[in-house]
Every structure is written in structure tokens, then in C-alpha cells.
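Have a look at query.txt below; it lists compact mmCIF, C-alpha atoms.
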# COMPACT_ATOMS: atom_id res chain seq x y z
CA MET A 3 -16.63 -30.30 -20.55
CA ILE A 4 -14.09 -27.58 -19.78
CA PRO A 5 -12.65 -28.13 -16.28
CA LEU A 6 -12.55 -25.19 -13.88
CA ILE A 7 -8.78 -25.15 -14.28
CA GLN A 8 -7.14 -26.87 -17.24
CA ASN A 9 -3.74 -28.47 -16.83
CA PHE A 10 -1.92 -26.12 -19.22
CA LYS A 11 1.70 -26.17 -18.07
CA THR A 12 3.16 -23.35 -20.15
CA PHE A 13 2.77 -20.24 -18.00
CA VAL A 14 2.90 -16.65 -19.17
CA LEU A 15 3.35 -14.26 -16.28
CA ALA A 16 2.23 -10.71 -17.09
CA ASP A 17 3.28 -7.64 -15.13
CA GLY A 18 -0.02 -6.86 -13.38
CA ASP A 19 -0.70 -7.96 -9.81
CA PHE A 20 1.28 -11.08 -8.95
CA PRO A 21 -1.17 -13.80 -7.83
CA CYS A 22 -1.67 -14.20 -4.11
CA HIS A 23 -4.58 -16.70 -4.11
CA ALA A 24 -3.53 -20.29 -3.26
CA ILE A 25 -4.93 -21.79 -6.50
CA PRO A 26 -2.96 -19.80 -9.13
CA CYS A 27 0.15 -19.97 -6.91
CA ALA A 28 -0.09 -23.77 -6.62
CA PHE A 29 -0.48 -24.16 -10.39
CA LEU A 30 2.46 -21.85 -11.03
CA LYS A 31 4.66 -24.05 -8.83
CA ASN A 32 3.90 -26.99 -11.14
CA ALA A 33 4.67 -25.14 -14.38
CA ASP A 34 6.72 -26.89 -17.07
CA ARG A 35 8.02 -23.52 -18.24
CA ILE A 36 7.46 -19.90 -17.30
CA ILE A 37 7.62 -17.03 -19.78
CA CYS A 38 7.91 -13.70 -17.95
CA CYS A 39 6.65 -10.50 -19.49
CA ASP A 40 9.51 -8.10 -18.91
CA GLY A 41 9.03 -6.49 -15.47
CA ALA A 42 7.22 -9.53 -14.07
CA THR A 43 10.60 -11.22 -13.72
CA GLU A 44 11.37 -9.48 -10.46
CA LYS A 45 8.04 -10.59 -8.96
CA LEU A 46 8.65 -14.21 -9.94
CA LEU A 47 12.11 -14.13 -8.33
CA HIS A 48 10.58 -12.67 -5.20
CA PHE A 49 8.11 -15.59 -5.23
CA GLY A 50 11.11 -17.94 -5.22
CA MET A 51 11.02 -19.20 -8.82
CA ASN A 52 13.14 -18.51 -11.89
CA PRO A 53 11.90 -17.55 -15.36
CA ASP A 54 12.68 -19.83 -18.30
CA TYR A 55 12.26 -17.02 -20.84
CA ILE A 56 11.87 -13.24 -20.56
CA VAL A 57 9.96 -11.60 -23.40
CA GLY A 58 8.88 -8.02 -24.11
CA ASP A 59 10.22 -4.63 -25.00
CA LEU A 60 12.48 -4.95 -21.93
CA ASP A 61 11.89 -1.39 -20.77
CA SER A 62 10.79 -2.37 -17.27
CA ILE A 63 13.49 -4.80 -16.18
CA SER A 64 16.64 -3.68 -14.36
CA ASN A 65 20.05 -3.74 -16.04
CA GLU A 66 21.22 -6.12 -13.33
CA LEU A 67 18.53 -8.66 -14.23
CA LYS A 68 19.15 -8.13 -17.94
CA THR A 69 22.79 -9.14 -17.41
CA ARG A 70 21.95 -12.04 -15.10
CA PHE A 71 19.35 -13.46 -17.47
CA SER A 72 20.91 -12.46 -20.81
CA PRO A 73 20.80 -16.03 -22.24
CA ILE A 74 17.00 -16.20 -21.83
CA LEU A 75 16.19 -12.62 -22.86
CA PHE A 76 14.01 -12.28 -25.97
CA PRO A 77 13.40 -8.63 -26.90
CA TYR A 78 10.38 -7.98 -29.13
CA PRO A 79 10.45 -4.37 -30.32
CA ASP A 80 6.93 -4.42 -31.88
CA GLN A 81 5.12 -1.19 -30.87
CA GLU A 82 1.75 -2.53 -32.02
CA THR A 83 1.34 -5.19 -29.34
CA ASN A 84 1.73 -5.35 -25.58
CA ASP A 85 4.15 -7.60 -23.68
CA LEU A 86 1.48 -10.23 -23.02
CA THR A 87 0.80 -10.63 -26.73
CA LYS A 88 4.53 -10.76 -27.48
CA SER A 89 4.86 -13.61 -24.97
CA ILE A 90 1.92 -15.49 -26.48
CA HIS A 91 3.48 -15.15 -29.95
CA PHE A 92 6.76 -16.44 -28.50
CA CYS A 93 4.88 -19.51 -27.18
CA ILE A 94 3.18 -20.14 -30.52
CA GLU A 95 6.54 -19.92 -32.33
CA HIS A 96 7.83 -22.65 -30.01
CA GLY A 97 4.78 -24.86 -30.44
CA TRP A 98 3.52 -24.38 -26.88
CA THR A 99 -0.18 -23.92 -27.44
CA GLU A 100 -1.70 -24.80 -24.08
CA ILE A 101 -1.10 -21.69 -22.02
CA THR A 102 -2.04 -20.47 -18.56
CA ILE A 103 -1.83 -16.70 -18.13
CA LEU A 104 -1.19 -15.18 -14.70
CA GLY A 105 -0.68 -11.60 -13.49
CA ALA A 106 -2.72 -10.07 -16.31
CA THR A 107 -5.16 -8.16 -14.11
CA GLY A 108 -4.88 -5.68 -11.25
CA LYS A 109 -2.88 -2.49 -11.66
CA ARG A 110 -4.25 -0.20 -14.40
CA GLU A 111 -7.82 -1.19 -15.28
CA ASP A 112 -7.39 -0.27 -18.95
CA HIS A 113 -4.64 -2.91 -19.18
CA THR A 114 -6.93 -5.44 -17.48
CA MET A 115 -9.71 -4.78 -19.98
CA GLY A 116 -7.35 -4.96 -22.93
CA ASN A 117 -5.76 -8.20 -21.72
CA LEU A 118 -9.12 -9.87 -21.16
CA ALA A 119 -10.35 -8.92 -24.62
CA LEU A 120 -7.09 -10.25 -26.12
CA LEU A 121 -7.90 -13.76 -24.86
CA THR A 122 -10.40 -14.26 -27.65
CA ASP A 123 -7.78 -13.29 -30.24
CA TYR A 124 -5.28 -15.75 -28.74
CA ALA A 125 -7.96 -18.45 -28.85
CA GLU A 126 -7.75 -18.55 -32.64
CA SER A 127 -4.31 -20.22 -32.52
CA THR A 128 -3.88 -21.46 -28.92
CA GLN A 129 -5.73 -22.82 -25.94
CA VAL A 130 -5.56 -20.26 -23.14
CA GLN A 131 -6.94 -19.74 -19.67
CA LEU A 132 -6.38 -16.70 -17.50
CA LEU A 133 -6.24 -17.19 -13.73
CA THR A 134 -6.77 -14.24 -11.40
CA ASP A 135 -7.04 -14.07 -7.62
CA TYR A 136 -10.81 -14.51 -7.95
CA GLY A 137 -11.41 -17.02 -10.69
CA VAL A 138 -10.79 -18.16 -14.24
CA PHE A 139 -11.46 -16.48 -17.58
CA VAL A 140 -11.59 -18.56 -20.75
CA PRO A 141 -12.29 -17.37 -24.29
CA GLN A 142 -15.20 -19.01 -26.08
CA LEU A 143 -15.44 -19.23 -29.88
CA LYS A 144 -18.11 -21.98 -30.02
CA SER A 145 -20.80 -23.47 -27.76
CA SER A 146 -19.24 -25.10 -24.71
CA VAL A 147 -20.02 -26.97 -21.50
CA TYR A 148 -18.26 -25.81 -18.34
CA GLU A 149 -17.44 -27.69 -15.16
CA SER A 150 -19.04 -25.89 -12.25
CA TYR A 151 -20.59 -26.26 -8.80
CA ALA A 152 -23.99 -25.16 -7.55
CA GLY A 153 -23.75 -21.58 -6.38
CA GLN A 154 -20.65 -20.72 -8.42
CA GLN A 155 -20.63 -17.12 -9.62
CA VAL A 156 -20.51 -16.95 -13.41
CA SER A 157 -20.19 -14.04 -15.84
CA ILE A 158 -20.43 -14.11 -19.62
CA PHE A 159 -19.09 -11.32 -21.82
CA SER A 160 -19.96 -10.91 -25.48
CA LEU A 161 -17.22 -9.28 -27.56
CA THR A 162 -19.07 -9.40 -30.87
CA ALA A 163 -22.20 -7.42 -31.52
CA SER A 164 -24.60 -9.87 -33.13
CA THR A 165 -23.79 -13.11 -31.26
CA LEU A 166 -26.84 -14.84 -29.78
CA PHE A 167 -26.50 -16.54 -26.38
CA THR A 168 -28.47 -19.35 -24.78
CA THR A 169 -27.49 -20.80 -21.41
CA ARG A 170 -28.45 -23.94 -19.46
CA ASN A 171 -28.13 -24.52 -15.70
CA LEU A 172 -27.70 -20.88 -14.72
CA VAL A 173 -29.94 -19.12 -12.16
CA TYR A 174 -30.76 -16.31 -14.63
CA PRO A 175 -31.23 -18.10 -17.93
CA ILE A 176 -30.34 -16.38 -21.19
CA GLU A 177 -32.52 -17.43 -24.14
CA ASN A 178 -31.39 -16.67 -27.67
CA ARG A 179 -30.38 -13.14 -26.73
CA VAL A 180 -27.77 -10.62 -27.80
CA LEU A 181 -25.73 -9.19 -24.90
CA THR A 182 -25.38 -5.54 -25.91
CA SER A 183 -23.30 -4.39 -22.94
CA TRP A 184 -20.59 -6.07 -20.84
CA TRP A 185 -22.67 -5.87 -17.64
CA GLN A 186 -25.60 -7.84 -19.07
CA GLY A 187 -24.06 -11.29 -18.68
CA THR A 188 -22.51 -10.65 -15.25
CA LEU A 189 -23.70 -11.70 -11.78
CA ASN A 190 -25.08 -15.04 -12.92
CA GLU A 191 -24.79 -18.25 -10.88
CA SER A 192 -24.50 -21.93 -11.69
CA LEU A 193 -27.25 -24.32 -10.58
CA ALA A 194 -25.32 -27.57 -10.87
CA GLY A 195 -22.10 -29.46 -11.67
CA CYS A 196 -21.95 -28.04 -15.15
CA PHE A 197 -23.50 -25.31 -17.25
CA THR A 198 -23.70 -24.64 -20.97
CA VAL A 199 -23.13 -21.48 -22.97
CA GLU A 200 -24.43 -21.86 -26.52
CA THR A 201 -23.60 -19.17 -29.05
CA THR A 202 -24.01 -18.52 -32.74
CA GLY A 203 -20.23 -18.09 -33.04
CA GLY A 204 -18.52 -14.76 -32.41
CA LYS A 205 -16.14 -14.11 -29.54
CA SER A 206 -17.00 -14.24 -25.86
CA LEU A 207 -15.44 -14.70 -22.44
CA VAL A 208 -16.65 -16.91 -19.61
CA PHE A 209 -15.64 -16.20 -15.99
CA ARG A 210 -16.05 -18.72 -13.18
CA GLU A 211 -15.06 -17.91 -9.60
CA TYR A 212 -12.97 -20.30 -7.51
CA GLN A 213 -14.74 -22.52 -5.01
CA LYS A 214 -14.96 -20.93 -1.58
CA TYR A 215 -13.86 -23.07 1.35
CA MET B 22 -12.74 20.66 -22.43
CA ILE B 23 -13.31 17.91 -19.87
CA PRO B 24 -10.96 18.42 -16.88
CA LEU B 25 -8.94 15.46 -15.65
CA ILE B 26 -11.14 15.40 -12.57
CA GLN B 27 -14.51 17.14 -12.55
CA ASN B 28 -15.81 18.72 -9.37
CA PHE B 29 -18.80 16.35 -8.97
CA LYS B 30 -19.57 16.38 -5.25
CA THR B 31 -22.10 13.54 -5.02
CA PHE B 32 -20.06 10.42 -4.36
CA VAL B 33 -21.16 6.84 -4.86
CA LEU B 34 -18.86 4.41 -3.09
CA ALA B 35 -19.04 0.89 -4.51
CA ASP B 36 -17.87 -2.22 -2.69
CA GLY B 37 -14.73 -2.99 -4.72
CA ASP B 38 -11.28 -1.93 -3.56
CA PHE B 39 -11.47 1.16 -1.36
CA PRO B 40 -9.29 3.88 -2.93
CA CYS B 41 -5.79 4.25 -1.54
CA HIS B 42 -4.37 6.78 -4.03
CA ALA B 43 -4.11 10.34 -2.66
CA ILE B 44 -6.24 11.89 -5.45
CA PRO B 45 -9.51 9.92 -5.04
CA CYS B 46 -9.09 10.03 -1.24
CA ALA B 47 -8.69 13.84 -1.26
CA PHE B 48 -11.80 14.28 -3.43
CA LEU B 49 -13.81 11.94 -1.20
CA LYS B 50 -12.95 14.10 1.81
CA ASN B 51 -14.58 17.08 0.06
CA ALA B 52 -17.80 15.25 -0.86
CA ASP B 53 -21.13 17.01 -0.37
CA ARG B 54 -22.81 13.64 0.14
CA ILE B 55 -21.72 10.02 0.07
CA ILE B 56 -23.99 7.19 -1.02
CA CYS B 57 -22.56 3.84 0.07
CA CYS B 58 -23.31 0.66 -1.82
CA ASP B 59 -24.20 -1.76 0.91
CA GLY B 60 -20.99 -3.42 2.16
CA ALA B 61 -18.86 -0.38 1.29
CA THR B 62 -20.20 1.27 4.46
CA GLU B 63 -17.73 -0.51 6.69
CA LYS B 64 -14.78 0.61 4.54
CA LEU B 65 -15.92 4.24 4.64
CA LEU B 66 -16.22 4.11 8.44
CA HIS B 67 -12.74 2.62 8.61
CA PHE B 68 -11.55 5.57 6.48
CA GLY B 69 -12.99 7.89 9.14
CA MET B 70 -16.07 9.20 7.33
CA ASN B 71 -19.80 8.54 7.67
CA PRO B 72 -22.22 7.61 4.87
CA ASP B 73 -25.15 9.92 4.15
CA TYR B 74 -27.17 7.14 2.50
CA ILE B 75 -26.77 3.36 2.24
CA VAL B 76 -28.33 1.78 -0.84
CA GLY B 77 -28.43 -1.78 -2.17
CA ASP B 78 -29.91 -5.18 -1.49
CA LEU B 79 -28.31 -4.91 1.97
CA ASP B 80 -27.04 -8.49 1.98
CA SER B 81 -23.46 -7.54 2.75
CA ILE B 82 -23.79 -5.15 5.66
CA SER B 83 -23.74 -6.31 9.29
CA ASN B 84 -26.85 -6.26 11.45
CA GLU B 85 -25.05 -3.92 13.83
CA LEU B 86 -24.51 -1.35 11.06
CA LYS B 87 -28.08 -1.85 9.80
CA THR B 88 -29.36 -0.88 13.25
CA ARG B 89 -26.94 2.00 13.70
CA PHE B 90 -27.73 3.49 10.28
CA SER B 91 -31.40 2.49 10.00
CA PRO B 92 -32.57 6.09 9.25
CA ILE B 93 -30.36 6.28 6.15
CA LEU B 94 -30.90 2.72 4.90
CA PHE B 95 -32.54 2.44 1.46
CA PRO B 96 -33.09 -1.18 0.42
CA TYR B 97 -33.56 -1.78 -3.32
CA PRO B 98 -34.67 -5.38 -3.87
CA ASP B 99 -34.31 -5.27 -7.69
CA GLN B 100 -32.57 -8.49 -8.86
CA GLU B 101 -31.92 -7.09 -12.31
CA THR B 102 -29.36 -4.46 -11.35
CA ASN B 103 -26.25 -4.37 -9.16
CA ASP B 104 -25.76 -2.17 -6.09
CA LEU B 105 -23.86 0.48 -8.06
CA THR B 106 -26.77 0.93 -10.47
CA LYS B 107 -29.25 1.04 -7.57
CA SER B 108 -27.19 3.85 -6.02
CA ILE B 109 -27.06 5.78 -9.31
CA HIS B 110 -30.87 5.46 -9.64
CA PHE B 111 -31.18 6.71 -6.05
CA CYS B 112 -29.10 9.78 -7.01
CA ILE B 113 -31.18 10.46 -10.12
CA GLU B 114 -34.40 10.24 -8.06
CA HIS B 115 -32.99 12.93 -5.76
CA GLY B 116 -31.85 15.16 -8.61
CA TRP B 117 -28.13 14.65 -7.98
CA THR B 118 -26.83 14.23 -11.50
CA GLU B 119 -23.14 15.10 -11.17
CA ILE B 120 -21.66 11.96 -9.69
CA THR B 121 -18.19 10.70 -8.83
CA ILE B 122 -17.94 6.92 -8.49
CA LEU B 123 -15.26 5.35 -6.28
CA GLY B 124 -14.50 1.76 -5.27
CA ALA B 125 -15.95 0.29 -8.47
CA THR B 126 -12.85 -1.63 -9.55
CA GLY B 127 -10.51 -4.14 -7.95
CA LYS B 128 -11.85 -7.34 -6.45
CA ARG B 129 -13.60 -9.59 -9.00
CA GLU B 130 -12.62 -8.57 -12.54
CA ASP B 131 -16.05 -9.45 -13.95
CA HIS B 132 -17.57 -6.83 -11.62
CA THR B 133 -14.94 -4.30 -12.77
CA MET B 134 -15.77 -4.92 -16.44
CA GLY B 135 -19.50 -4.72 -15.80
CA ASN B 136 -19.20 -1.50 -13.78
CA LEU B 137 -17.06 0.19 -16.42
CA ALA B 138 -19.49 -0.71 -19.21
CA LEU B 139 -22.38 0.61 -17.08
CA LEU B 140 -20.87 4.12 -17.11
CA THR B 141 -22.08 4.67 -20.65
CA ASP B 142 -25.62 3.71 -19.64
CA TYR B 143 -25.53 6.13 -16.69
CA ALA B 144 -24.29 8.85 -19.06
CA GLU B 145 -27.70 8.99 -20.72
CA SER B 146 -29.26 10.63 -17.64
CA THR B 147 -26.32 11.81 -15.48
CA GLN B 148 -22.81 13.15 -15.63
CA VAL B 149 -20.46 10.57 -14.13
CA GLN B 150 -16.76 10.03 -13.67
CA LEU B 151 -15.16 6.95 -12.15
CA LEU B 152 -11.94 7.40 -10.18
CA THR B 153 -9.67 4.43 -9.54
CA ASP B 154 -6.23 4.21 -7.94
CA TYR B 155 -4.67 4.68 -11.39
CA GLY B 156 -6.76 7.25 -13.22
CA VAL B 157 -10.15 8.42 -14.39
CA PHE B 158 -12.75 6.78 -16.63
CA VAL B 159 -15.45 8.89 -18.27
CA PRO B 160 -18.19 7.74 -20.61
CA GLN B 161 -18.33 9.44 -24.01
CA LEU B 162 -21.52 9.70 -26.07
CA LYS B 163 -20.30 12.45 -28.43
CA SER B 164 -17.02 13.95 -29.68
CA SER B 165 -15.11 15.53 -26.80
CA VAL B 166 -11.92 17.37 -25.88
CA TYR B 167 -10.03 16.17 -22.81
CA GLU B 168 -7.63 18.01 -20.53
CA SER B 169 -4.34 16.19 -20.52
CA TYR B 170 -0.57 16.54 -20.18
CA ALA B 171 2.17 15.45 -22.56
CA GLY B 172 3.07 11.83 -21.83
CA GLN B 173 -0.24 10.98 -20.13
CA GLN B 174 -1.31 7.39 -20.74
CA VAL B 175 -4.69 7.27 -22.48
CA SER B 176 -6.98 4.38 -23.43
CA ILE B 177 -10.16 4.50 -25.48
CA PHE B 178 -12.76 1.72 -25.42
CA SER B 179 -15.52 1.37 -27.97
CA LEU B 180 -18.69 -0.25 -26.63
CA THR B 181 -20.66 -0.08 -29.84
CA ALA B 182 -19.72 -2.04 -32.92
CA SER B 183 -19.95 0.46 -35.76
CA THR B 184 -18.69 3.66 -34.11
CA LEU B 185 -15.89 5.40 -36.03
CA PHE B 186 -13.08 7.06 -34.05
CA THR B 187 -10.70 9.86 -34.96
CA THR B 188 -8.23 11.26 -32.43
CA ARG B 189 -6.05 14.38 -32.29
CA ASN B 190 -2.91 14.92 -30.18
CA LEU B 191 -2.29 11.26 -29.37
CA VAL B 192 1.02 9.48 -30.08
CA TYR B 193 -0.74 6.71 -32.04
CA PRO B 194 -3.39 8.55 -34.04
CA ILE B 195 -6.67 6.86 -34.88
CA GLU B 196 -8.18 7.95 -38.20
CA ASN B 197 -11.81 7.24 -38.96
CA ARG B 198 -11.51 3.68 -37.66
CA VAL B 199 -13.75 1.16 -35.92
CA LEU B 200 -12.22 -0.33 -32.74
CA THR B 201 -13.29 -3.96 -32.97
CA SER B 202 -11.72 -5.16 -29.73
CA TRP B 203 -11.21 -3.54 -26.32
CA TRP B 204 -7.41 -3.75 -26.57
CA GLN B 205 -7.20 -1.74 -29.80
CA GLY B 206 -7.59 1.69 -28.21
CA THR B 207 -5.36 1.00 -25.21
CA LEU B 208 -1.74 2.03 -24.53
CA ASN B 209 -2.03 5.37 -26.26
CA GLU B 210 -0.38 8.57 -24.98
CA SER B 211 -1.20 12.25 -25.08
CA LEU B 212 1.11 14.65 -26.90
CA ALA B 213 -0.06 17.87 -25.31
CA GLY B 214 -2.30 19.77 -22.87
CA CYS B 215 -5.43 18.39 -24.47
CA PHE B 216 -6.53 15.69 -26.88
CA THR B 217 -9.68 15.07 -28.87
CA VAL B 218 -11.72 11.93 -29.39
CA GLU B 219 -14.18 12.36 -32.25
CA THR B 220 -16.81 9.69 -32.79
CA THR B 221 -19.83 9.09 -34.96
CA GLY B 222 -21.95 8.64 -31.82
CA GLY B 223 -22.25 5.30 -30.06
CA LYS B 224 -20.90 4.59 -26.59
CA SER B 225 -17.28 4.68 -25.55
CA LEU B 226 -15.06 5.09 -22.50
CA VAL B 227 -11.98 7.27 -22.13
CA PHE B 228 -9.33 6.50 -19.51
CA ARG B 229 -6.65 8.99 -18.45
CA GLU B 230 -4.03 8.14 -15.86
CA TYR B 231 -3.22 10.50 -13.00
CA GLN B 232 -0.16 12.71 -13.29
CA LYS B 233 2.94 11.10 -11.81
CA TYR B 234 4.96 13.23 -9.40

As C-alpha cells, the full file:
Amino acid sequence: MIPLIQNFKTFVLADGDFPCHAIPCAFLKNADRIICCDGATEKLLHFGMNPDYIVGDLDSISNELKTRFSPILFPYPDQETNDLTKSIHFCIEHGWTEITILGATGKREDHTMGNLALLTDYAESTQVQLLTDYGVFVPQLKSSVYESYAGQQVSIFSLTASTLFTTRNLVYPIENRVLTSWWQGTLNESLAGCFTVETTGGKSLVFREYQKY
Amino acid sequence: MIPLIQNFKTFVLADGDFPCHAIPCAFLKNADRIICCDGATEKLLHFGMNPDYIVGDLDSISNELKTRFSPILFPYPDQETNDLTKSIHFCIEHGWTEITILGATGKREDHTMGNLALLTDYAESTQVQLLTDYGVFVPQLKSSVYESYAGQQVSIFSLTASTLFTTRNLVYPIENRVLTSWWQGTLNESLAGCFTVETTGGKSLVFREYQKY
């Protein structure tokens, strides 16, 4: 069963909205190491923590910070990938394959959509979870059981055209069905302490909201 | 050529983040009519404007506002669609088929993704554009030319698996290629006053950022 939040202590901080929800902030404070995507460095410093590594094309970090952090600066000039992907590659090269991603949503929506879709690519060589201020996204490459609570909002996104989905323990059950548009698996709700998303392979994303108090 | 912002004066205000960028706010002030999705009513009042119609399942609007606006309240009990889709159907029923959508992003990212994908469904019976605080999304069902400026950030999202894309006047040209993941068409940039996105049909989305001043 995949817990709501997995204890993945390598953090990649992207340059979208810095988290303000208590849950992602608390996990960040317990990080073993933090890899900052370029311009996210300033936000992390403002939060009161220091980066362990700074990765990216380094076009959105000040010269002052570049000098201050020169020993931990890792420029990746690749034009084909974004700074988040560069940071994930950096983690893989170092053997850190249990990764929590923060700050990858908010700001420009096209970046948000791209970053979310990238999760399923990362899942081929790492374990990743992406925490936002609202909940958790995880990539799914095979049928999985998810920790949940009754009433939890759940959304499922299919990123491959022919994948068949079957769910258990959701208010609006899906039975051996292709999800042809990203809205079709949204606005679902868990009935119990866990739910199941069975697929015929392919790539998908599962979103679970945080518990409300 | 599709202008950066089209003069569509029927506004649907969804219950995500209320716009704070000057461009969507200025257009909202010139609306012919505003259809509020349920809980968005309060935000519009706070902005200093009144809704013309309130549509949705009406579970997130206060009893006080329900009483005050009872003559313009249109409950849609349908469980199968979200409040944004209910509002679009309401517009179609009234013959208003040139629609600007605001407030449909921000807040929960799964809602954002669902709402963006829905644009291409709406495009089958309406003309829609979706303004955010960063730029404009339009659905594309056929090859189109877009108004632009040199240096404008552009992202293209394919929502159908086999669609082939060819672009003109973008920094990273796409030549007769399938976009198999949502990140593949992101982070592009216009070279000139217009660019072209040619497709073999299917459904796609085009994002253009606002001009920076």
C-alpha cells in the first residue's frame, strides 16, 4: 500500500510556488538533502534553509548567490530538458532514487502540466512523489493500492491512450474503462482506508488531497 | 489569425484563484454578462462586480447569498459534470457561444488539469478562451495561426494520441511529430508576430503568455 506521503528524504525544489501548506513544509524541514532548481534557491533561503546542491541552466539565480554557493553549483546546459528534469538526472547520477518534489506547481500553468506529466517518465528509473499545497501526486506504472481516508478527494489521470482502468473503494467506480480526457478521472472520492487503481500498464497519475483538520 | 485575447464578452468565472493580473481583470470589467460558478460569486462581489447568473450544484455558496441572488440562481444537480461545465452548458442553452473563462486554475492542481482538458470538449460547440494570471489557453481542433510577439513563451499540448504537429515561427520547430507527453510541447518561444500550429486534427491546447512590460 502506498502511504499518503512516502518518507523520501531527497528533496528537489522546483521554481514554482514555494510550499506554504504545513505538510510539505514539515517534510522539507526533515530532508536529508535538498537539490534546488536554479531560481528556487532564493526561496529556500528565505524559508530559512540552505541548499545542498543547485542544478539547472543557472539563468535565474543572482550573481551574488552564484558566488556564495559556487562549490555546490552544477550547471546543466541541456536545452532539451527543464530544470526539474536536470535535477532529477543529477539525483539519479548520485544514486538517490527516492525523491520528493516540491515547488513544481503554481506560477505558469503550462509548466505545471509539463511537470506533472514528467513524473511518469521519472518513474521509470526513480521513485518520486510530488507534494503541492493541496495534496500528493504519484506516477503509476502498474496496478497499485493507495492509503486513503473516507471522503478523501482523489483524481486519476491517464497519460496513455489505450490503458484500461478499474478502481475499488471509490465513490464513482471505474470499470475496465479507457479515460480519454484528463477530466474524466477527476473529482472522485475514497470510500475507505485504502483504494485500488488497477491498470493494464501505461502511464498514469494519482492525486490524493491532504486530510482536512 | 487568432488574437492574443479575443473579444468574447460572455464571462464564466470558475471558483479557482480569482484573477489578479491586470489583463484578465480589465477584460472582466468590460463583460456583457458574467456567469458565476457557485462559490465564485463571493469573490466577484469582493472584486466590486455583481453576477448576472449563478450556476452549479450550489453547495459552496452561503445561504445569505442564495437568498440575495435567488432570482438569478440556476441549480444544476448533474453529478457527472463540474460547475464549469454546467456554466458552459448554461451559456450554450442561451445562445452565448463566445466565452471567456476566468478563475479556472490555481487551487487544486487536479481541477486545473481537468478544466484545461475540458476546453477542447467545449470547443466542439462554442468558441472559448481561458485567461489565467500568466497567459491565455485556447483549444485547437484544426490548424491555426496565432497572433504573437517575438520572444513570447508558447506551449502546445496534444490531447489525442496520434495527432501530428508541425509548427512555423517557433524557436524549437516541431516537424510532423506526435507529442506523446504533455511536457514535449512546452517551453517553446515565438520568433515573430505570428506562429502557426498545423495538426492532422485531434484535440490540442495552445498557451501563450501575456506580454511583459

Report, as lines of an AutoDock Vina configuration file, the centre and edge lengths in Å (one decimal) of the axis-aligned box enclosing every listed atom of range 120-137 of chain A, padded by 8 Å on each side.
center_x = -7.6
center_y = -16.5
center_z = -20.1
size_x = 23.5
size_y = 28.6
size_z = 41.0

Write out as CSV a residue-level contact list of chain B versus chain A with cut-off 7 Å: for each qualifying residue the closest pair of atoms and the distance in Å to one decimal, counting all atoms listed in the file, rows sorted by chain and residue number upward.
residue,atom,partner,partner_atom,distance
B:Gly127,CA,A:Gly108,CA,6.7
B:Arg129,CA,A:Tyr136,CA,5.8
B:Asp131,CA,A:Ser157,CA,6.5
B:Met134,CA,A:Trp184,CA,6.6
B:Gly135,CA,A:Trp185,CA,3.8
B:Asn136,CA,A:Trp185,CA,6.8
B:Ala138,CA,A:Trp184,CA,5.7
B:Leu139,CA,A:Trp185,CA,6.5
B:Tyr155,CA,A:Arg110,CA,5.7
B:Ser176,CA,A:Asp112,CA,6.5
B:Ala182,CA,A:Ala163,CA,6.1
B:Ser202,CA,A:Ala119,CA,6.5
B:Trp203,CA,A:Gly116,CA,5.3
B:Trp204,CA,A:Gly116,CA,3.8
B:Thr207,CA,A:Gly116,CA,6.7

What is the CA of Gly195 in chain A to CA of Glu100 in chain A distance in Å?
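Computing it gives 24.3 Å between the two atoms.
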
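Proximity of B:Thr217, B:Thr188, B:Ser146, B:Thr121 to Cys46 in chain B, computed with only C-alpha atoms, is greatest for B:Thr121.
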
In Å to one decimal, how far is CA of Pro5 in chain A from CA of Val199 in chain A?
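Answer for the CA of Val199 in chain A to CA of Pro5 in chain A separation: 14.1 Å.
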
Nearest candidate to Cys215 in chain B (options B:Ala171, B:Ile113, B:Val199, B:Val192; using only C-alpha atoms)
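Among B:Ala171, B:Ile113, B:Val199, B:Val192, it is B:Ala171 that comes nearest to Cys215 in chain B.
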
Smallest atom-to-atom distance to Ser108 in chain B: which of B:Phe68, B:Tyr170, B:Phe32, B:Phe216, using only C-alpha atoms?
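Looking at the shortest contact to Ser108 in chain B, the residue is B:Phe32.
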
Thr184 in chain B surroundings by only C-alpha atoms, 7 Å radius, close-in-sequence under 6 positions cut, as a VMD selection string:
chain B and resid 199 220 to 223

Okay, now the selection with C-alpha atoms, as a PDB file, keeping the file's coordinate frame?
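Generated output (again.pdb):
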ATOM      1  CA  VAL B 199     -13.750   1.160 -35.920  1.00  0.00           C
ATOM      2  CA  THR B 220     -16.810   9.690 -32.790  1.00  0.00           C
ATOM      3  CA  THR B 221     -19.830   9.090 -34.960  1.00  0.00           C
ATOM      4  CA  GLY B 222     -21.950   8.640 -31.820  1.00  0.00           C
ATOM      5  CA  GLY B 223     -22.250   5.300 -30.060  1.00  0.00           C
TER       6      GLY B 223
END

For a test of reading the model, state the distance in Å between CA of Ile82 in chain B and CA of Leu152 in chain B, rounded to one decimal.
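Computed distance, CA of Ile82 in chain B to CA of Leu152 in chain B, equals 23.4 Å.
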
Which residue gives the smallest distance to Ile103 in chain A among A:Ile176, A:Asn190, A:Gly58, A:Leu30, with only C-alpha atoms counted?
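Nearest candidate to Ile103 in chain A out of A:Ile176, A:Asn190, A:Gly58, A:Leu30: A:Leu30.
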
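If you count all atoms listed in the file and ignore residues fewer than 6 places along the chain from Phe76 in chain A, what sits within 12 Å of it is Ile37, Cys38, Cys39, Asp40, Asp54, Tyr55, Ile56, Val57, Gly58, Asp59, Leu60, Lys68, Asp85, Lys88, Ser89, His91, Phe92 and Cys93 of chain A.
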
For Gln148 in chain B, list every protein, DNA or RNA residue within 8 Å, evaluated using only C-alpha atoms, and leave out those in the same chain fewer than 2 positions away; present the list as an MDAnalysis selection string.
chainID B and resid 118:120 143:144 146 150

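Take the candidates B:Val149, B:Leu123, B:Ala35, B:Ala52 and check each one against Ser81 in chain B using only C-alpha atoms; the shortest distance goes to B:Ala35.
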
List the spatial neighbours of Phe167 in chain A as a ChimeraX atom specification - criterion: any atom at most 6 Å away, only C-alpha atoms, same-chain residues fewer than 4 positions off excluded.
/A:178-179,200-201

Taking into account only C-alpha atoms, which residue in the set B:Asp53, B:Asp38, B:Glu210, B:Glu145 is nearest to Ile109 in chain B?
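Using only C-alpha atoms, the shortest distance to Ile109 in chain B belongs to B:Glu145.
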